[in-house]
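Engineer: File final-v8.txt follows (compact mmCIF, C-alpha atoms and all ligand atoms):
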```txt
# COMPACT_ATOMS: atom_id res chain seq x y z
CA MET A 202 -49.36 146.56 -44.44
CA ARG A 203 -47.55 144.71 -41.69
CA GLU A 204 -45.31 142.02 -42.98
CA ILE A 205 -43.45 138.85 -41.97
CA LEU A 206 -40.51 138.32 -44.32
CA VAL A 207 -38.99 134.90 -45.06
CA LEU A 208 -35.76 134.42 -47.01
CA ALA A 209 -36.20 131.54 -49.47
CA GLU A 210 -33.13 129.32 -49.57
CA HIS A 211 -32.41 127.29 -52.68
CA ARG A 212 -29.53 125.36 -54.15
CA LYS A 213 -29.01 124.05 -57.66
CA GLY A 214 -32.54 124.97 -58.71
CA VAL A 215 -34.31 123.35 -55.76
CA LEU A 216 -35.89 125.07 -52.76
CA ARG A 217 -34.43 123.73 -49.56
CA ASP A 218 -36.66 122.15 -46.87
CA ILE A 219 -35.86 124.96 -44.43
CA THR A 220 -37.72 127.38 -46.71
CA TRP A 221 -41.00 125.45 -46.35
CA GLU A 222 -40.41 125.09 -42.62
CA MET A 223 -39.94 128.85 -42.23
CA LEU A 224 -43.02 129.56 -44.35
CA SER A 225 -45.02 127.31 -42.04
CA LEU A 226 -43.73 129.22 -39.00
CA GLY A 227 -44.19 132.54 -40.85
CA LYS A 228 -47.81 131.63 -41.58
CA GLU A 229 -48.53 131.13 -37.88
CA LEU A 230 -46.87 134.45 -36.99
CA ALA A 231 -48.62 136.28 -39.83
CA GLU A 232 -52.03 135.02 -38.71
CA LYS A 233 -51.40 136.05 -35.12
CA MET A 234 -50.04 139.48 -36.07
CA GLU A 235 -52.59 140.00 -38.88
CA ALA A 236 -49.67 140.53 -41.21
CA GLN A 237 -48.86 139.60 -44.78
CA LEU A 238 -46.55 136.63 -45.34
CA THR A 239 -43.91 137.63 -47.85
CA THR A 240 -40.96 135.62 -49.11
CA VAL A 241 -37.85 137.00 -50.81
CA LEU A 242 -36.28 134.92 -53.55
CA PRO A 243 -32.87 136.18 -54.66
CA GLY A 244 -31.50 134.17 -57.60
CA TYR A 245 -31.13 133.97 -61.35
CA GLU A 246 -33.61 132.30 -63.71
CA VAL A 247 -35.65 131.08 -60.74
CA LYS A 248 -39.16 132.13 -61.82
CA SER A 249 -40.39 128.54 -61.45
CA LEU A 250 -39.28 128.58 -57.80
CA ALA A 251 -41.16 131.84 -57.29
CA ASP A 252 -44.32 130.14 -58.61
CA GLU A 253 -43.79 127.24 -56.19
CA LEU A 254 -43.37 129.66 -53.29
CA SER A 255 -46.52 131.56 -54.21
CA THR A 256 -48.55 128.53 -53.08
CA GLN A 257 -47.49 129.20 -49.50
CA ALA A 258 -46.93 132.96 -49.28
CA ASP A 259 -49.09 136.03 -49.92
CA LEU A 260 -46.34 137.69 -51.87
CA VAL A 261 -43.09 136.52 -53.47
CA LEU A 262 -40.45 139.18 -54.09
CA LEU A 263 -38.35 137.85 -56.94
CA VAL A 264 -34.94 139.51 -57.19
CA GLU A 265 -33.16 138.19 -60.28
CA ASP A 266 -29.56 139.00 -61.06
CA GLU A 267 -26.80 136.88 -62.57
CA ARG A 268 -24.67 137.76 -59.55
CA LEU A 269 -27.30 136.12 -57.33
CA GLN A 270 -27.13 132.78 -59.12
CA ASN A 271 -25.21 131.26 -56.23
CA PHE A 272 -25.40 132.26 -52.59
CA SER A 273 -23.15 135.14 -51.59
CA SER A 274 -23.62 136.63 -48.12
CA MET A 275 -22.49 140.05 -49.36
CA ALA A 276 -24.92 140.12 -52.28
CA TYR A 277 -27.78 138.68 -50.22
CA GLN A 278 -27.07 141.23 -47.49
CA GLN A 279 -27.48 144.08 -49.97
CA VAL A 280 -30.74 142.64 -51.32
CA LEU A 281 -32.20 142.07 -47.87
CA SER A 282 -31.04 145.31 -46.29
CA THR A 283 -32.62 147.28 -49.15
CA LEU A 284 -35.90 145.38 -48.77
CA ILE A 285 -35.96 145.51 -44.98
CA THR A 286 -35.19 149.24 -44.94
CA THR A 287 -37.99 150.05 -47.35
CA ARG A 288 -40.62 147.49 -46.32
CA LYS A 289 -39.96 147.47 -42.55
CA PRO A 290 -41.17 143.91 -41.83
CA ILE A 291 -41.93 143.06 -38.19
CA ILE A 292 -39.52 140.15 -38.42
CA THR A 293 -37.25 138.56 -41.04
CA LEU A 294 -36.81 134.80 -40.88
CA ILE A 295 -33.60 133.22 -42.20
CA GLY A 296 -32.62 129.54 -42.01
CA HIS A 297 -29.98 128.63 -39.44
CA THR A 298 -28.06 126.91 -42.19
CA ALA A 299 -24.52 127.36 -43.52
CA CYS A 300 -25.88 130.25 -45.64
CA GLY A 301 -27.96 131.82 -42.85
CA ILE A 302 -25.11 131.63 -40.34
CA ASP A 303 -22.93 133.49 -42.84
CA LEU A 304 -25.57 136.08 -43.69
CA ALA A 305 -27.65 136.97 -40.63
CA PRO A 306 -25.09 138.48 -38.20
CA GLY A 307 -23.65 140.89 -40.80
CA LEU A 308 -27.15 141.86 -41.94
CA ALA A 309 -28.33 142.52 -38.37
CA ALA A 310 -25.20 144.56 -37.61
CA ALA A 311 -25.57 146.61 -40.80
CA LEU A 312 -29.21 147.37 -40.00
CA GLY A 313 -28.61 147.82 -36.26
CA MET A 314 -31.35 145.27 -35.61
CA PRO A 315 -31.72 142.64 -32.87
CA LEU A 316 -30.90 139.09 -33.98
CA ALA A 317 -31.96 135.82 -32.32
CA THR A 318 -30.04 132.85 -33.74
CA ASP A 319 -30.73 129.11 -33.94
CA CYS A 320 -34.31 129.49 -32.68
CA LEU A 321 -36.53 126.50 -31.93
CA SER A 322 -39.72 128.53 -31.61
CA LEU A 323 -40.82 132.15 -31.71
CA THR A 324 -43.53 134.21 -30.05
CA LEU A 325 -44.26 137.69 -31.34
CA THR A 326 -46.15 140.55 -29.77
CA GLU A 327 -46.42 144.16 -30.93
CA LYS A 328 -43.30 145.08 -29.02
CA GLU A 329 -41.31 141.97 -28.37
CA LEU A 330 -39.92 138.81 -29.92
CA THR A 331 -39.44 135.89 -27.55
CA ALA A 332 -37.38 133.03 -28.90
CA VAL A 333 -36.55 129.62 -27.46
CA ARG A 334 -32.91 128.64 -28.04
CA GLN A 335 -30.81 125.89 -26.57
CA ILE A 336 -27.75 126.45 -24.43
CA TYR A 337 -25.18 124.21 -22.73
CA GLY A 338 -25.04 121.84 -25.70
CA GLY A 339 -28.81 121.40 -25.77
CA LYS A 340 -29.30 120.62 -22.07
CA VAL A 341 -31.23 123.83 -21.33
CA ASN A 342 -33.93 125.58 -23.33
CA ALA A 343 -33.56 129.32 -22.75
CA GLU A 344 -36.14 131.98 -23.55
CA VAL A 345 -34.56 135.14 -24.91
CA ALA A 346 -36.42 138.34 -25.68
CA CYS A 347 -35.64 141.33 -27.82
CA SER A 348 -37.51 144.38 -29.03
CA CYS A 349 -39.18 144.09 -32.42
CA GLU A 350 -40.58 147.62 -32.53
CA LYS A 351 -38.11 148.56 -35.25
CA GLY A 352 -37.94 145.09 -36.75
CA CYS A 353 -35.81 142.09 -35.85
CA ILE A 354 -34.18 139.05 -37.45
CA ALA A 355 -34.31 135.41 -36.35
CA THR A 356 -32.52 132.37 -37.74
CA ILE A 357 -34.52 129.15 -37.46
CA ARG A 358 -33.01 125.73 -36.79
CA ALA A 359 -33.75 123.20 -39.54
CA GLY A 360 -36.19 120.42 -38.71
CA VAL A 361 -37.93 122.07 -35.73
CA VAL A 362 -41.07 123.16 -37.61
CA SER A 363 -43.12 120.85 -39.79
CA PRO A 364 -43.80 122.25 -43.25
CA TRP A 365 -47.51 122.56 -44.12
CA GLY A 366 -46.96 120.56 -47.25
CA GLU A 367 -50.21 121.73 -48.81
CA GLU A 368 -51.08 124.80 -50.82
CA THR A 369 -52.33 127.40 -48.37
CA ARG A 370 -51.98 130.60 -50.38
CA LYS A 371 -52.33 131.90 -53.90
CA GLY A 372 -49.75 134.64 -53.64
CA LYS A 373 -48.57 137.18 -56.17
CA VAL A 374 -45.08 137.20 -57.63
CA GLU A 375 -43.56 140.68 -57.81
CA VAL A 376 -40.31 141.24 -59.67
CA ILE A 377 -38.02 143.57 -57.73
CA GLN A 378 -35.05 145.27 -59.31
CA SER A 379 -31.78 144.03 -57.96
CA PRO A 380 -29.79 146.60 -55.93
CA SER A 381 -26.44 147.74 -57.33
CA LEU A 382 -24.58 144.94 -55.50
CA GLU A 383 -21.52 147.13 -55.13
CA GLY A 384 -18.44 145.72 -53.50
CA ILE A 385 -19.50 142.07 -53.74
CA SER A 386 -16.62 141.24 -56.10
CA ARG A 387 -14.49 140.66 -53.00
CA GLN A 388 -16.49 137.46 -52.55
CA ARG A 389 -16.56 134.92 -55.36
CA PHE A 390 -18.43 131.65 -55.78
CA ILE A 391 -16.03 128.92 -56.90
CA GLU A 392 -17.84 125.58 -56.74
CA TYR A 393 -20.14 123.39 -54.70
CA VAL A 394 -18.17 120.68 -52.98
CA GLU A 395 -20.50 117.70 -52.76
CA ALA A 396 -20.31 115.49 -49.69
CA ALA A 397 -18.15 112.43 -50.29
CA ILE A 398 -20.18 109.46 -51.43
CA GLY A 399 -19.81 106.73 -48.84
CA GLY A 400 -21.54 104.00 -50.88
CA VAL A 401 -24.74 104.26 -48.83
CA ASP A 402 -27.66 106.64 -48.85
CA ILE A 403 -29.33 106.28 -45.47
CA THR A 404 -31.97 108.85 -46.42
CA GLN A 405 -33.53 106.33 -48.83
CA ALA A 406 -33.75 103.43 -46.35
CA ASP A 407 -37.12 102.15 -45.10
CA ILE A 408 -35.54 100.47 -42.09
CA ILE A 409 -32.56 101.88 -40.23
CA VAL A 410 -30.57 100.17 -37.51
CA ALA A 411 -28.55 102.94 -35.87
CA ILE A 412 -25.72 102.34 -33.46
CA GLY A 413 -24.29 104.70 -30.86
CA ARG A 414 -21.42 104.66 -28.41
CA GLY A 415 -23.19 101.80 -26.63
CA ILE A 416 -21.80 99.47 -29.31
CA GLN A 417 -18.55 99.86 -27.36
CA ASP A 418 -16.06 98.55 -29.92
CA LYS A 419 -15.49 98.57 -33.65
CA GLU A 420 -15.30 94.76 -33.48
CA ASN A 421 -19.00 94.70 -32.48
CA ILE A 422 -20.26 96.58 -35.53
CA PRO A 423 -20.70 93.43 -37.69
CA LEU A 424 -23.32 92.25 -35.15
CA ALA A 425 -25.40 95.36 -35.89
CA GLU A 426 -24.71 95.00 -39.62
CA GLU A 427 -26.04 91.45 -39.54
CA LEU A 428 -29.17 92.63 -37.73
CA ALA A 429 -29.70 95.40 -40.31
CA LYS A 430 -29.29 92.85 -43.11
CA ALA A 431 -31.71 90.39 -41.51
CA LEU A 432 -34.31 93.17 -41.30
CA GLY A 433 -33.64 94.34 -44.87
CA GLY A 434 -32.40 97.63 -43.45
CA THR A 435 -29.41 99.94 -43.53
CA LEU A 436 -26.84 100.66 -40.86
CA ALA A 437 -26.56 104.23 -39.54
CA CYS A 438 -24.91 105.73 -36.48
CA SER A 439 -24.48 108.63 -34.08
CA ARG A 440 -21.57 111.03 -34.43
CA PRO A 441 -19.08 109.45 -31.98
CA ILE A 442 -19.00 106.36 -34.22
CA VAL A 443 -17.91 108.54 -37.15
CA ASP A 444 -15.50 110.53 -34.98
CA LYS A 445 -13.82 107.26 -34.02
CA LYS A 446 -13.68 106.41 -37.76
CA TRP A 447 -15.63 103.19 -37.16
CA LEU A 448 -18.09 104.09 -39.95
CA PRO A 449 -17.93 106.65 -42.78
CA LYS A 450 -19.63 110.04 -42.38
CA ALA A 451 -22.36 109.03 -44.87
CA HIS A 452 -23.85 106.84 -42.09
CA GLN A 453 -24.21 109.67 -39.54
CA VAL A 454 -27.68 110.84 -38.49
CA GLY A 455 -28.15 114.27 -36.96
CA THR A 456 -27.52 117.97 -37.26
CA SER A 457 -24.06 117.52 -38.71
CA GLY A 458 -25.08 114.32 -40.52
CA LYS A 459 -28.20 113.32 -42.46
CA THR A 460 -31.88 113.77 -41.68
CA VAL A 461 -33.73 110.49 -42.15
CA ARG A 462 -37.40 109.52 -42.17
CA PRO A 463 -37.47 105.71 -42.48
CA LYS A 464 -40.55 103.62 -41.71
CA ALA A 465 -38.68 102.15 -38.73
CA TYR A 466 -35.67 103.51 -36.84
CA ILE A 467 -34.01 101.17 -34.34
CA ALA A 468 -31.61 103.09 -32.09
CA LEU A 469 -29.12 100.84 -30.30
CA GLY A 470 -27.07 102.37 -27.48
CA ILE A 471 -27.80 105.96 -28.51
CA SER A 472 -28.45 108.38 -25.65
CA GLY A 473 -30.63 110.83 -27.61
CA ALA A 474 -28.72 114.11 -27.71
CA PHE A 475 -30.74 116.77 -29.55
CA GLN A 476 -28.16 116.83 -32.35
CA HIS A 477 -29.08 113.20 -33.03
CA ILE A 478 -32.84 113.49 -32.40
CA VAL A 479 -33.23 116.31 -34.94
CA GLY A 480 -32.07 113.92 -37.65
CA MET A 481 -34.46 111.02 -36.91
CA LYS A 482 -37.47 112.24 -34.94
CA ASP A 483 -39.80 112.15 -37.95
CA SER A 484 -39.24 108.41 -38.53
CA GLY A 485 -42.42 106.31 -38.78
CA VAL A 486 -41.77 104.08 -35.74
CA ILE A 487 -38.87 104.65 -33.37
CA ILE A 488 -37.58 101.73 -31.30
CA ALA A 489 -34.91 102.59 -28.75
CA VAL A 490 -32.73 100.10 -26.90
CA ASN A 491 -30.72 101.46 -24.00
CA LYS A 492 -29.47 100.19 -20.64
CA ASP A 493 -30.32 103.52 -19.01
CA PRO A 494 -34.08 103.95 -18.40
CA ARG A 495 -33.57 107.72 -18.18
CA ALA A 496 -31.87 108.04 -21.56
CA PRO A 497 -33.47 110.99 -23.46
CA ILE A 498 -33.93 108.81 -26.58
CA PHE A 499 -36.94 107.25 -24.82
CA GLU A 500 -38.73 110.61 -24.98
CA VAL A 501 -39.05 110.31 -28.75
CA ALA A 502 -39.33 106.52 -28.95
CA ASP A 503 -42.59 104.74 -29.76
CA TYR A 504 -41.17 101.58 -28.17
CA GLY A 505 -38.51 101.75 -25.48
CA ILE A 506 -36.57 98.65 -24.47
CA VAL A 507 -34.42 98.92 -21.36
CA CYS A 508 -31.81 96.23 -21.81
CA ASP A 509 -28.31 95.46 -22.99
CA LEU A 510 -28.16 95.83 -26.76
CA PHE A 511 -25.95 92.74 -26.96
CA ASP A 512 -28.82 90.69 -25.50
CA PHE A 513 -31.34 92.39 -27.78
CA MET A 514 -29.59 92.13 -31.16
CA PRO A 515 -29.40 88.31 -31.50
CA VAL A 516 -33.01 87.87 -30.38
CA LEU A 517 -34.36 90.33 -32.95
CA LYS A 518 -32.08 88.93 -35.66
CA GLU A 519 -33.36 85.39 -35.07
CA LYS A 520 -36.97 86.62 -35.01
CA ALA A 521 -36.47 88.49 -38.30
CA LYS A 522 -34.98 85.38 -39.94
CA GLU A 523 -37.83 83.24 -38.63
CA LEU A 524 -40.44 85.65 -40.02
CA LEU A 525 -38.68 85.81 -43.40
CA GLN A 526 -38.61 82.01 -43.63
CA ARG A 527 -42.35 81.84 -43.00
CA ARG A 528 -43.06 84.16 -45.96
C1 LIG A 601 -21.91 120.90 -33.17
C2 LIG A 601 -22.28 119.48 -32.82
C3 LIG A 601 -22.88 118.71 -33.81
C4 LIG A 601 -23.23 117.39 -33.52
N1 LIG A 601 -23.82 116.64 -34.48
C5 LIG A 601 -24.23 115.40 -34.19
C6 LIG A 601 -24.90 114.59 -35.15
O1 LIG A 601 -25.11 115.00 -36.29
N2 LIG A 601 -25.28 113.36 -34.79
C7 LIG A 601 -25.08 112.84 -33.54
O2 LIG A 601 -25.47 111.70 -33.29
N3 LIG A 601 -24.44 113.58 -32.61
C8 LIG A 601 -23.99 114.82 -32.91
N4 LIG A 601 -23.32 115.53 -31.97
C9 LIG A 601 -22.91 114.85 -30.72
C10 LIG A 601 -24.03 114.76 -29.70
O3 LIG A 601 -24.03 115.93 -28.90
C11 LIG A 601 -23.81 113.56 -28.78
O4 LIG A 601 -22.56 113.66 -28.18
C12 LIG A 601 -23.90 112.23 -29.52
O5 LIG A 601 -25.10 112.15 -30.26
C13 LIG A 601 -23.88 111.09 -28.51
O6 LIG A 601 -23.79 109.89 -29.21
P1 LIG A 601 -24.26 108.55 -28.54
O7 LIG A 601 -25.69 108.65 -28.12
O8 LIG A 601 -23.88 107.44 -29.45
O9 LIG A 601 -23.28 108.43 -27.27
P2 LIG A 601 -23.58 108.63 -25.73
O10 LIG A 601 -24.22 109.92 -25.45
O11 LIG A 601 -22.30 108.33 -25.03
O12 LIG A 601 -24.64 107.50 -25.38
C14 LIG A 601 -24.37 106.15 -25.39
C15 LIG A 601 -25.63 105.45 -24.85
O13 LIG A 601 -25.45 104.05 -24.95
C16 LIG A 601 -26.04 103.45 -23.79
N5 LIG A 601 -25.38 102.16 -23.64
C17 LIG A 601 -24.07 101.91 -23.31
N6 LIG A 601 -23.85 100.58 -23.36
C18 LIG A 601 -25.01 99.99 -23.69
C19 LIG A 601 -25.40 98.63 -23.88
N7 LIG A 601 -24.52 97.62 -23.75
N8 LIG A 601 -26.68 98.38 -24.21
C20 LIG A 601 -27.60 99.39 -24.35
N9 LIG A 601 -27.27 100.68 -24.17
C21 LIG A 601 -26.01 100.97 -23.86
C22 LIG A 601 -25.77 104.43 -22.66
O14 LIG A 601 -26.73 104.26 -21.62
C23 LIG A 601 -25.92 105.77 -23.38
O15 LIG A 601 -27.24 106.27 -23.28
C24 LIG A 601 -22.97 116.85 -32.23
C25 LIG A 601 -22.38 117.65 -31.25
C26 LIG A 601 -22.05 118.95 -31.55
C27 LIG A 601 -21.44 119.79 -30.47
```
Can I see the file as structure tokens?

Structural biologist:
Amino acid sequence: MREILVLAEHRKGVLRDITWEMLSLGKELAEKMEAQLTTVLPGYEVKSLADELSTQADLVLLVEDERLQNFSSMAYQQVLSTLITTRKPIITLIGHTACGIDLAPGLAAALGMPLATDCLSLTLTEKELTAVRQIYGGKVNAEVACSCEKGCIATIRAGVVSPWGEETRKGKVEVIQSPSLEGISRQRFIEYVEAAIGGVDITQADIIVAIGRGIQDKENIPLAEELAKALGGTLACSRPIVDKKWLPKAHQVGTSGKTVRPKAYIALGISGAFQHIVGMKDSGVIIAVNKDPRAPIFEVADYGIVCDLFDFMPVLKEKAKELLQRR
């Protein structure tokens, strides 16, 4: 049976969003290729996660071993290379996450298989995998192709595929014996280092006012803070604001910050680099304010306002106060 293989990623007993995203992509590929959608779950005491996965895959391969309790690229490589060698899937999907970036290149090299990294979308035929990846810091989408006749591996960027969210399968869970995991003692899990708590959790906010380099000066940030407060929202920002140490990292939206899905996202003076867009594109309503009518942020905005943010902020703040007083 032809097979599409997805590596399930989990941390501290919870499946990570990227797993559901890859299963959604895997489902599309499996339907097109008339293949079985299989997910591999390496871990320890993770049967409940296997049951969760079985709602969206035809088959869950559960590989339990105490040495797989925490991610280890060496141990995962042994598990996957054994499975890929015996099962010969058409393609293996791995998240382009800290774990996937550590795992996929070594795995591909060990198996002598083509690898496409950080893919935004995939097209599969009998012979070839075509992947869309970004180059030049996200300015160009490039199509790359590789042979998949003897199998191939792709890492998928987080947030580019929407998870199905509903139960689409009633898959089987098959327990697979863990390989010997020889030589993995060179790599040892020590601890998870949690991100520093910056006193704010922007992922929980219903309304976000996000500032970018257009705010121009640290002295201007209170103006945006006042606007956020008047709207009952939370202040967030693009990366340059954090790089300049104007706001703590906990406020950053984007690939190297947080992914947010508020009801309303107001982007002030943010150009719309893909690294930022990935973190906010699923917001309910996106309002972008920018002096430049060609700013890429307008491509994802529901409402685009071409103006100076310093003219816009006081007007919206007054309007918000007025509306609150009427309540
Ligand atoms: C590996 C990597 C990871 C990254 N991760 C992230 C990330 O997680 N999050 C993130 O945001 N970025 C990230 N970046 C950076 C990203 O590529 C962009 O450089 C960044 O998002 C740009 O921030 P910005 O839009 O605030 O600034 P700019 O691109 O400089 O845009 C400023 C905008 O403000 C507008 N403007 C200026 N003055 C005004 C005014 N008075 N009124 C209205 N508009 C005005 C300008 O027209 C412009 O469009 C990452 C980059 C790399 C390489």

Engineer: Which one of A:Met314, A:Ile302, A:Ala309, A:Leu382 sits closest to Leu269 in chain A if you count only C-alpha atoms?

Structural biologist: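 Closest residue, counting only C-alpha atoms: A:Leu382.
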
Engineer: To one decimal in Å, tell me the separation between CA of Ile408 in chain A and CA of Lys459 in chain A.

Structural biologist: 14.8 Å

Engineer: Set up a box along x, y and z of the file covering all listed atoms of ligand LIG 601 (chain A), add 4 Å on every one of the six sides, and write the centre and edge lengths in Å to one decimal, as lines of an AutoDock Vina configuration file.

Structural biologist:
```
center_x = -24.5
center_y = 109.3
center_z = -29.0
size_x = 14.2
size_y = 31.3
size_z = 22.7
```

Engineer: Which residue is closest to ligand LIG 601 (chain A)? Choose from A:Val374, A:Leu517, A:Ala343, A:Ile412 and count all atoms listed in the file.

Structural biologist: A:Ile412

Engineer: Of the residues A:Arg334, A:Leu226, A:Val215, A:Asp493, which is the one nearest to Ser249 in chain A, using only C-alpha atoms?

Structural biologist: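 Nearest to Ser249 in chain A: A:Val215.
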
Engineer: Excluding Ile442 in chain A and residues on its chain fewer than 6 positions from it, collect all residues at most 8 Å away from it, counting only C-alpha atoms, and give them as a ChimeraX atom specification.

Structural biologist: /A:412-414,448

Engineer: Just write the chosen residues, C-alpha atoms, as an mmCIF file, in the coordinates of the input.

Structural biologist:
```
data_model
loop_
_atom_site.group_PDB
_atom_site.id
_atom_site.type_symbol
_atom_site.label_atom_id
_atom_site.label_comp_id
_atom_site.auth_asym_id
_atom_site.auth_seq_id
_atom_site.Cartn_x
_atom_site.Cartn_y
_atom_site.Cartn_z
ATOM 1 C CA ILE A 412 -25.720 102.340 -33.460
ATOM 2 C CA GLY A 413 -24.290 104.700 -30.860
ATOM 3 C CA ARG A 414 -21.420 104.660 -28.410
ATOM 4 C CA LEU A 448 -18.090 104.090 -39.950
#
```

Engineer: So what do you get for CA of Leu321 in chain A versus CA of Lys228 in chain A, distance-wise?

Structural biologist: 15.7 Å

Engineer: Which one is closest to Gln378 in chain A: A:Gln417, A:Gln237, A:Thr283, A:Gln335? Count all atoms listed in the file.

Structural biologist: A:Thr283

Engineer: Which residue out of A:Val361, A:Ala317, A:Gly296, A:Glu229 has the minimum interatomic distance to Glu344 in chain A when only C-alpha atoms are used?

Structural biologist: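 Ranked by minimum distance to Glu344 in chain A, first place goes to A:Ala317.
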
Engineer: At a cut-off of 6 Å, using all atoms listed in the file, what residues contact range 258-266 of chain A? Leave out same-chain residues fewer than 2 positions from it and give the result as a count of residues only.

Structural biologist: 19
